[in-house]
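Novice: Pasting start35.cif below, which is mmCIF, C-alpha atoms.
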```cif
data_entry
#
loop_
_atom_site.group_PDB
_atom_site.id
_atom_site.type_symbol
_atom_site.label_atom_id
_atom_site.label_comp_id
_atom_site.auth_asym_id
_atom_site.auth_seq_id
_atom_site.Cartn_x
_atom_site.Cartn_y
_atom_site.Cartn_z
ATOM 1 C CA MET A 11 -167.005 307.396 100.748
ATOM 2 C CA LYS A 12 -163.603 308.473 99.487
ATOM 3 C CA LEU A 13 -162.074 306.218 96.887
ATOM 4 C CA GLU A 14 -158.346 305.489 97.040
ATOM 5 C CA PRO A 15 -156.474 306.586 93.904
ATOM 6 C CA GLN A 16 -156.013 303.682 91.542
ATOM 7 C CA PHE A 17 -152.878 302.833 89.603
ATOM 8 C CA ASN A 18 -153.325 303.794 85.939
ATOM 9 C CA PRO A 19 -151.524 301.368 83.637
ATOM 10 C CA LEU A 20 -152.559 303.151 80.430
ATOM 11 C CA PRO A 21 -149.350 305.241 80.115
ATOM 12 C CA GLN A 22 -147.315 302.080 80.519
ATOM 13 C CA ILE A 23 -149.430 300.326 77.903
ATOM 14 C CA ASN A 24 -148.933 303.188 75.467
ATOM 15 C CA SER A 25 -145.217 303.178 76.152
ATOM 16 C CA GLU A 26 -144.883 299.430 75.724
ATOM 17 C CA VAL A 27 -146.994 299.457 72.545
ATOM 18 C CA SER A 28 -144.679 302.125 71.137
ATOM 19 C CA LYS A 29 -141.594 300.134 72.141
ATOM 20 C CA ARG A 30 -143.063 296.961 70.704
ATOM 21 C CA ASP A 31 -143.895 298.654 67.406
ATOM 22 C CA LYS A 32 -140.398 300.076 67.129
ATOM 23 C CA THR A 33 -138.915 296.687 67.932
ATOM 24 C CA LEU A 34 -141.122 295.092 65.275
ATOM 25 C CA GLU A 35 -139.774 297.641 62.802
ATOM 26 C CA LYS A 36 -136.249 296.657 63.770
ATOM 27 C CA VAL A 37 -137.075 292.996 63.349
ATOM 28 C CA ALA A 38 -138.649 293.681 59.966
ATOM 29 C CA ALA A 39 -135.616 295.724 58.915
ATOM 30 C CA ALA A 40 -133.332 292.989 60.161
ATOM 31 C CA GLN A 41 -135.287 290.418 58.185
ATOM 32 C CA GLN A 42 -134.971 292.591 55.111
ATOM 33 C CA LEU A 43 -131.239 292.837 55.674
ATOM 34 C CA SER A 44 -131.138 289.089 56.184
ATOM 35 C CA MET A 45 -132.781 288.636 52.787
ATOM 36 C CA GLU A 46 -130.038 290.797 51.323
ATOM 37 C CA ASP A 47 -127.360 289.035 53.354
ATOM 38 C CA SER A 48 -126.425 286.677 50.522
ATOM 39 C CA ALA A 49 -125.671 289.701 48.353
ATOM 40 C CA SER A 50 -123.720 291.223 51.219
ATOM 41 C CA ARG A 51 -121.762 288.040 51.658
ATOM 42 C CA LEU A 52 -121.067 287.948 47.941
ATOM 43 C CA LEU A 53 -119.850 291.539 48.036
ATOM 44 C CA ALA A 54 -117.713 290.811 51.076
ATOM 45 C CA SER A 55 -116.265 287.786 49.301
ATOM 46 C CA MET A 56 -115.501 289.891 46.242
ATOM 47 C CA LEU A 57 -113.805 292.518 48.398
ATOM 48 C CA GLN A 58 -111.764 289.817 50.111
ATOM 49 C CA SER A 59 -110.793 288.389 46.730
ATOM 50 C CA ASP A 60 -109.743 291.851 45.566
ATOM 51 C CA MET A 61 -107.665 292.322 48.706
ATOM 52 C CA SER A 62 -106.029 288.939 48.226
ATOM 53 C CA GLY A 63 -105.095 289.793 44.656
ATOM 54 C CA MET A 64 -103.797 293.206 45.645
ATOM 55 C CA SER A 65 -101.868 291.714 48.557
ATOM 56 C CA GLU A 66 -100.181 289.282 46.195
ATOM 57 C CA GLY A 67 -99.414 292.183 43.865
ATOM 58 C CA LEU A 68 -97.966 294.156 46.773
ATOM 59 C CA ALA A 69 -95.809 291.182 47.770
ATOM 60 C CA ASN A 70 -94.580 290.905 44.175
ATOM 61 C CA ALA A 71 -93.823 294.608 44.049
ATOM 62 C CA THR A 72 -91.909 294.403 47.324
ATOM 63 C CA SER A 73 -89.888 291.466 46.031
ATOM 64 C CA GLY A 74 -89.240 293.370 42.811
ATOM 65 C CA ILE A 75 -87.992 296.410 44.710
ATOM 66 C CA ALA A 76 -85.617 294.227 46.735
ATOM 67 C CA MET A 77 -84.430 292.547 43.529
ATOM 68 C CA MET A 78 -83.760 295.866 41.842
ATOM 69 C CA GLN A 79 -81.932 297.219 44.898
ATOM 70 C CA ILE A 80 -79.675 294.161 44.990
ATOM 71 C CA THR A 81 -78.945 294.601 41.283
ATOM 72 C CA ASP A 82 -78.243 298.297 41.674
ATOM 73 C CA GLY A 83 -75.866 297.584 44.541
ATOM 74 C CA THR A 84 -73.844 295.276 42.312
ATOM 75 C CA LEU A 85 -73.942 297.777 39.445
ATOM 76 C CA SER A 86 -72.617 300.465 41.770
ATOM 77 C CA SER A 87 -69.733 298.214 42.776
ATOM 78 C CA LEU A 88 -69.060 297.342 39.136
ATOM 79 C CA SER A 89 -68.954 301.021 38.257
ATOM 80 C CA ASP A 90 -66.328 301.670 40.927
ATOM 81 C CA GLN A 91 -64.267 298.706 39.753
ATOM 82 C CA THR A 92 -64.591 299.837 36.131
ATOM 83 C CA GLN A 93 -63.059 303.143 37.133
ATOM 84 C CA THR A 94 -60.175 301.133 38.607
ATOM 85 C CA LEU A 95 -59.834 299.300 35.294
ATOM 86 C CA ASN A 96 -59.731 302.582 33.456
ATOM 87 C CA ASP A 97 -57.063 303.951 35.787
ATOM 88 C CA LEU A 98 -54.966 300.809 35.295
ATOM 89 C CA SER A 99 -55.393 301.093 31.533
ATOM 90 C CA VAL A 100 -54.233 304.709 31.516
ATOM 91 C CA ARG A 101 -51.174 303.785 33.561
ATOM 92 C CA TYR A 102 -50.505 300.729 31.409
ATOM 93 C CA ASN A 103 -50.480 302.743 28.181
ATOM 94 C CA ASN A 104 -47.427 304.672 29.264
ATOM 95 C CA ALA A 105 -44.390 304.176 27.056
ATOM 96 C CA ALA A 106 -42.096 304.830 30.009
ATOM 97 C CA LEU A 107 -43.110 301.609 31.794
ATOM 98 C CA ASN A 108 -40.998 298.485 31.553
ATOM 99 C CA ASP A 109 -42.323 294.978 31.003
ATOM 100 C CA SER A 110 -42.280 294.092 34.705
ATOM 101 C CA GLN A 111 -44.343 297.131 35.615
ATOM 102 C CA LYS A 112 -46.804 296.439 32.825
ATOM 103 C CA GLN A 113 -47.103 292.839 33.955
ATOM 104 C CA ALA A 114 -47.954 293.990 37.477
ATOM 105 C CA LEU A 115 -50.656 296.300 36.141
ATOM 106 C CA GLN A 116 -51.990 293.501 33.925
ATOM 107 C CA SER A 117 -52.200 291.161 36.907
ATOM 108 C CA GLU A 118 -54.144 293.736 38.926
ATOM 109 C CA PHE A 119 -56.404 294.368 35.944
ATOM 110 C CA SER A 120 -57.123 290.634 35.615
ATOM 111 C CA ARG A 121 -57.839 290.266 39.322
ATOM 112 C CA THR A 122 -60.276 293.187 39.160
ATOM 113 C CA VAL A 123 -62.070 291.718 36.141
ATOM 114 C CA SER A 124 -62.265 288.355 37.902
ATOM 115 C CA SER A 125 -63.725 290.002 40.991
ATOM 116 C CA MET A 126 -66.290 291.822 38.851
ATOM 117 C CA GLN A 127 -67.331 288.624 37.119
ATOM 118 C CA GLN A 128 -67.657 286.867 40.455
ATOM 119 C CA SER A 129 -69.943 289.662 41.690
ATOM 120 C CA ILE A 130 -72.131 289.299 38.614
ATOM 121 C CA ASP A 131 -72.303 285.515 38.916
ATOM 122 C CA SER A 132 -73.141 285.606 42.642
ATOM 123 C CA THR A 133 -75.794 288.321 42.446
ATOM 124 C CA SER A 134 -79.069 286.480 42.911
ATOM 125 C CA PHE A 135 -82.501 286.692 44.489
ATOM 126 C CA ASN A 136 -84.243 283.668 45.945
ATOM 127 C CA GLY A 137 -81.649 281.428 44.334
ATOM 128 C CA LYS A 138 -82.047 282.917 40.840
ATOM 129 C CA ALA A 139 -79.258 284.772 39.057
ATOM 130 C CA LEU A 140 -80.217 288.363 38.302
ATOM 131 C CA PHE A 141 -77.776 289.397 35.580
ATOM 132 C CA GLY A 142 -78.886 288.211 32.179
ATOM 133 C CA SER A 143 -82.495 287.820 33.332
ATOM 134 C CA ASN A 144 -85.793 289.455 32.381
ATOM 135 C CA PRO A 145 -87.962 289.370 35.533
ATOM 136 C CA SER A 146 -91.638 290.283 35.341
ATOM 137 C CA PHE A 147 -93.734 291.360 38.329
ATOM 138 C CA SER A 148 -97.490 290.839 38.316
ATOM 139 C CA LEU A 149 -99.222 293.565 40.315
ATOM 140 C CA GLY A 150 -102.791 292.362 39.935
ATOM 141 C CA ASN A 151 -104.181 294.594 37.209
ATOM 142 C CA SER A 152 -100.791 295.477 35.744
ATOM 143 C CA THR A 153 -97.322 294.077 35.160
ATOM 144 C CA ILE A 154 -93.893 295.668 35.408
ATOM 145 C CA SER A 155 -91.010 294.014 33.580
ATOM 146 C CA ALA A 156 -87.287 294.558 33.857
ATOM 147 C CA SER A 157 -84.321 293.660 31.703
ATOM 148 C CA ILE A 158 -81.001 293.092 33.436
ATOM 149 C CA PRO A 159 -78.161 292.622 30.914
ATOM 150 C CA ASN A 160 -75.343 290.180 31.539
ATOM 151 C CA LEU A 161 -72.623 292.863 31.506
ATOM 152 C CA SER A 162 -69.761 290.386 31.715
ATOM 153 C CA PRO A 163 -66.398 292.220 31.810
ATOM 154 C CA SER A 164 -64.467 289.182 30.576
ATOM 155 C CA SER A 165 -63.820 290.718 27.157
ATOM 156 C CA LEU A 166 -62.271 293.884 28.552
ATOM 157 C CA SER A 167 -58.604 294.472 27.813
ATOM 158 C CA ILE A 168 -56.129 296.705 29.628
ATOM 159 C CA ASP A 169 -54.881 298.166 26.376
ATOM 160 C CA ASN A 170 -58.389 299.062 25.110
ATOM 161 C CA GLN A 171 -59.646 302.164 26.874
ATOM 162 C CA ASP A 172 -62.484 302.622 24.400
ATOM 163 C CA GLY A 173 -63.846 299.196 25.323
ATOM 164 C CA ILE A 174 -63.639 300.039 29.022
ATOM 165 C CA GLN A 175 -65.503 303.298 28.430
ATOM 166 C CA LYS A 176 -68.259 301.542 26.495
ATOM 167 C CA TYR A 177 -68.592 299.051 29.301
ATOM 168 C CA SER A 178 -68.853 301.931 31.781
ATOM 169 C CA ASP A 179 -71.591 303.497 29.637
ATOM 170 C CA SER A 180 -73.464 300.175 29.621
ATOM 171 C CA LEU A 181 -73.334 300.083 33.405
ATOM 172 C CA ALA A 182 -74.686 303.638 33.601
ATOM 173 C CA GLN A 183 -77.552 302.773 31.257
ATOM 174 C CA ALA A 184 -78.341 299.637 33.241
ATOM 175 C CA ARG A 185 -78.428 301.628 36.492
ATOM 176 C CA SER A 186 -80.767 304.147 34.883
ATOM 177 C CA ASP A 187 -83.122 301.382 33.714
ATOM 178 C CA ILE A 188 -83.020 299.660 37.098
ATOM 179 C CA GLY A 189 -83.738 302.975 38.826
ATOM 180 C CA SER A 190 -86.738 303.576 36.581
ATOM 181 C CA THR A 191 -88.070 300.091 37.264
ATOM 182 C CA THR A 192 -87.547 300.557 41.000
ATOM 183 C CA ASN A 193 -89.458 303.849 40.984
ATOM 184 C CA GLY A 194 -92.300 302.202 39.066
ATOM 185 C CA LEU A 195 -92.470 299.368 41.596
ATOM 186 C CA ILE A 196 -92.405 301.781 44.543
ATOM 187 C CA SER A 197 -95.224 303.832 43.018
ATOM 188 C CA ALA A 198 -97.228 300.680 42.312
ATOM 189 C CA SER A 199 -96.705 299.363 45.843
ATOM 190 C CA ASN A 200 -97.875 302.670 47.332
ATOM 191 C CA ASN A 201 -101.007 302.582 45.172
ATOM 192 C CA LEU A 202 -101.695 298.966 46.080
ATOM 193 C CA PHE A 203 -101.273 299.689 49.773
ATOM 194 C CA GLY A 204 -103.765 302.545 49.497
ATOM 195 C CA GLN A 205 -106.244 300.342 47.636
ATOM 196 C CA ILE A 206 -105.864 297.537 50.174
ATOM 197 C CA SER A 207 -106.471 299.969 53.049
ATOM 198 C CA ALA A 208 -109.573 301.428 51.373
ATOM 199 C CA THR A 209 -110.981 298.002 50.484
ATOM 200 C CA SER A 210 -110.315 296.692 53.982
ATOM 201 C CA ALA A 211 -112.136 299.688 55.468
ATOM 202 C CA ALA A 212 -115.115 299.117 53.176
ATOM 203 C CA LYS A 213 -115.264 295.456 54.135
ATOM 204 C CA SER A 214 -115.012 296.192 57.857
ATOM 205 C CA GLN A 215 -118.084 298.453 57.634
ATOM 206 C CA MET A 216 -120.211 295.515 56.499
ATOM 207 C CA ALA A 217 -121.547 294.105 59.781
ATOM 208 C CA ASP A 218 -124.414 291.663 60.291
ATOM 209 C CA THR A 219 -127.614 292.989 61.949
ATOM 210 C CA ASP A 220 -128.256 291.538 65.450
ATOM 211 C CA ILE A 221 -131.648 289.982 64.731
ATOM 212 C CA ALA A 222 -131.549 287.913 67.921
ATOM 213 C CA LYS A 223 -131.326 291.020 70.081
ATOM 214 C CA ALA A 224 -134.174 292.679 68.210
ATOM 215 C CA ILE A 225 -136.392 289.648 68.782
ATOM 216 C CA SER A 226 -135.417 289.563 72.467
ATOM 217 C CA ASP A 227 -136.376 293.219 72.803
ATOM 218 C CA PHE A 228 -139.715 292.488 71.134
ATOM 219 C CA GLN A 229 -140.430 289.639 73.539
ATOM 220 C CA GLU A 230 -139.568 291.817 76.527
ATOM 221 C CA SER A 231 -141.849 294.638 75.376
ATOM 222 C CA ASN A 232 -144.639 292.196 74.597
ATOM 223 C CA ALA A 233 -144.359 290.648 78.072
ATOM 224 C CA LYS A 234 -144.539 294.062 79.734
ATOM 225 C CA LEU A 235 -147.522 294.949 77.583
ATOM 226 C CA THR A 236 -149.294 291.749 78.616
ATOM 227 C CA ILE A 237 -148.689 292.536 82.290
ATOM 228 C CA ALA A 238 -150.033 296.055 81.829
ATOM 229 C CA GLN A 239 -153.110 294.763 80.037
ATOM 230 C CA ILE A 240 -153.765 292.274 82.838
ATOM 231 C CA ALA A 241 -153.382 295.116 85.329
ATOM 232 C CA ILE A 242 -155.937 297.302 83.605
ATOM 233 C CA VAL A 243 -158.371 294.406 83.283
ATOM 234 C CA HIS A 244 -157.921 293.678 86.988
ATOM 235 C CA GLN A 245 -158.328 297.365 87.786
ATOM 236 C CA ASN A 246 -161.545 297.558 85.746
ATOM 237 C CA ASP A 247 -162.878 294.460 87.513
ATOM 238 C CA THR A 248 -162.052 295.992 90.895
ATOM 239 C CA LEU A 249 -163.617 299.262 89.857
ATOM 240 C CA ARG A 250 -166.778 297.482 88.777
ATOM 241 C CA GLN A 251 -166.948 295.652 92.096
ATOM 242 C CA THR A 252 -166.486 298.911 93.999
ATOM 243 C CA ILE A 253 -169.202 300.662 92.001
ATOM 244 C CA GLY A 254 -171.441 297.663 92.501
ATOM 245 C CA ARG A 255 -170.973 297.871 96.228
ATOM 246 C CA LEU A 256 -171.685 301.616 96.197
ATOM 247 C CA LEU A 257 -174.817 301.119 94.153
ATOM 248 C CA GLY A 258 -175.614 298.315 96.492
#
```
Let me see the file written as structure tokens.
Specialist:
Amino acid sequence: MKLEPQFNPLPQINSEVSKRDKTLEKVAAAQQLSMEDSASRLLASMLQSDMSGMSEGLANATSGIAMMQITDGTLSSLSDQTQTLNDLSVRYNNAALNDSQKQALQSEFSRTVSSMQQSIDSTSFNGKALFGSNPSFSLGNSTISASIPNLSPSSLSIDNQDGIQKYSDSLAQARSDIGSTTNGLISASNNLFGQISATSAAKSQMADTDIAKAISDFQESNAKLTIAQIAIVHQNDTLRQTIGRLLG
């Protein structure tokens, strides 16, 4: 009597055992990662804290740059107006001029000085006057400070060219200092931006392991293995019955 070929579940059993073992390894690894998760969360929290501090520093640096640019804009205008004062002074100190002409030059000089003083008084950032202040910018791990002199032109006189020149030199020095501070803030902001980007990338790479999926995979493999084992038991029982009938 010819026996019909029987389904052999052994390859499936071997396959499912292998899958189950690998899934168990994943679950074990996930559990290990879960044990370390508190440390991971602590690290993530530290990274977030670092980013927050650096972000505040970057915001301060950005505000500082804006503050310095506003100041420099006023200094540039003051420099131009100081040149006007100097020109008026040169014209005023001309023996050929009469009193009326000198009075006209004096009036223009006074109006220019008044305009300059008004510019200084109105130059502010976030409601705070800039001239005569010493702002300090916290950048997290460092601080950049600036000194903005008052530079009031009220003491300038049309018949004192030396005084006007000294005032012009003070403006030039102030612009140089402001420029240096601005460059320092720009460099600091670029460094902070790079650090924030790097820290953010490091934090984004920290992802939780999907333990639930690993357990689901294990359950699926285990169920398939159980079915295969039942099949081979049933096949062996059938085979025994067939042999029993043959041996009759």
Novice: For Ile174 (chain A), which residue out of A:Leu85, A:Ala156, A:Leu161, A:Ala105 is the nearest one, using all atoms listed in the file?
Specialist: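 Ranked by minimum distance to Ile174 (chain A), first place goes to A:Leu161.
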Novice: Hey, what's within 12 Å of region 129-132 of chain A if we count all atoms listed in the file and toss same-chain stuff fewer than 6 positions away? As a PyMOL selection string, please?
Specialist: chain A and resi 80-89+91+122-123+138-143+158-164
Novice: When you draw a straight line from CA of Leu181 (chain A) to CA of Ser165 (chain A), how long is it in Å?
Specialist: 14.7 Å
Novice: Calculate how many Å separate CA of Asn151 (chain A) from CA of Gln79 (chain A), rounding to one decimal.
Specialist: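 That distance, rounded to one decimal, is 23.7 Å.
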Novice: Quick one: residues within 12 Å of Ile196 (chain A), all atoms listed in the file counted, chain neighbours fewer than 3 positions away excluded, as an mmCIF file with C-alpha atoms, in the coordinates of the input?
Specialist:
```cif
data_model
loop_
_atom_site.group_PDB
_atom_site.id
_atom_site.type_symbol
_atom_site.label_atom_id
_atom_site.label_comp_id
_atom_site.auth_asym_id
_atom_site.auth_seq_id
_atom_site.Cartn_x
_atom_site.Cartn_y
_atom_site.Cartn_z
ATOM 1 C CA GLY A 67 -99.414 292.183 43.865
ATOM 2 C CA LEU A 68 -97.966 294.156 46.773
ATOM 3 C CA ALA A 69 -95.809 291.182 47.770
ATOM 4 C CA ASN A 70 -94.580 290.905 44.175
ATOM 5 C CA ALA A 71 -93.823 294.608 44.049
ATOM 6 C CA THR A 72 -91.909 294.403 47.324
ATOM 7 C CA SER A 73 -89.888 291.466 46.031
ATOM 8 C CA GLY A 74 -89.240 293.370 42.811
ATOM 9 C CA ILE A 75 -87.992 296.410 44.710
ATOM 10 C CA ALA A 76 -85.617 294.227 46.735
ATOM 11 C CA MET A 78 -83.760 295.866 41.842
ATOM 12 C CA GLN A 79 -81.932 297.219 44.898
ATOM 13 C CA LEU A 149 -99.222 293.565 40.315
ATOM 14 C CA ILE A 154 -93.893 295.668 35.408
ATOM 15 C CA GLY A 189 -83.738 302.975 38.826
ATOM 16 C CA SER A 190 -86.738 303.576 36.581
ATOM 17 C CA THR A 191 -88.070 300.091 37.264
ATOM 18 C CA THR A 192 -87.547 300.557 41.000
ATOM 19 C CA ASN A 193 -89.458 303.849 40.984
ATOM 20 C CA SER A 199 -96.705 299.363 45.843
ATOM 21 C CA ASN A 200 -97.875 302.670 47.332
ATOM 22 C CA ASN A 201 -101.007 302.582 45.172
ATOM 23 C CA LEU A 202 -101.695 298.966 46.080
ATOM 24 C CA PHE A 203 -101.273 299.689 49.773
#
```
Novice: Between CA of Ala211 (chain A) and CA of Met64 (chain A), what is the spacing in Å?
Specialist: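 Pair CA of Met64 (chain A) / CA of Ala211 (chain A) returns 14.4 Å.
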Novice: Restricting the calculation to all atoms listed in the file: of A:Asn136, A:Gln171, A:Ser146, A:Ser62, which residue gets closest to Asp97 (chain A)?
Specialist: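 That would be A:Gln171, the residue with the smallest distance to Asp97 (chain A).
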Novice: For a quick check of understanding, using all atoms listed in the file, which of A:Asp90, A:Asn144, A:Ser99, A:Ser207 has the smallest distance to Leu166 (chain A)?
Specialist: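 Smallest separation from Leu166 (chain A) among the options: A:Ser99.
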Novice: Find, counting only C-alpha atoms, the residue in A:Leu95, A:Met56, A:Met77, A:Gly63 that gets nearest to Thr133 (chain A).
Specialist: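 Using only C-alpha atoms, the shortest distance to Thr133 (chain A) belongs to A:Met77.
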Novice: Using only C-alpha atoms, which of A:Ile168, A:Ala198, A:Ile188, A:Met61 sits nearest Tyr102 (chain A)?
Specialist: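 So, comparing all the options, the nearest one is A:Ile168.
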Novice: Could you give me the axis-aligned bounding box of region 123-138 of chain A, with 3 Å of padding per side, as centre plus edge lengths in Å to one decimal, as AutoDock Vina command-line options?
Specialist:
```
--center_x -73.2 --center_y 286.6 --center_z 41.0 --size_x 28.2 --size_y 16.4 --size_z 15.8
```
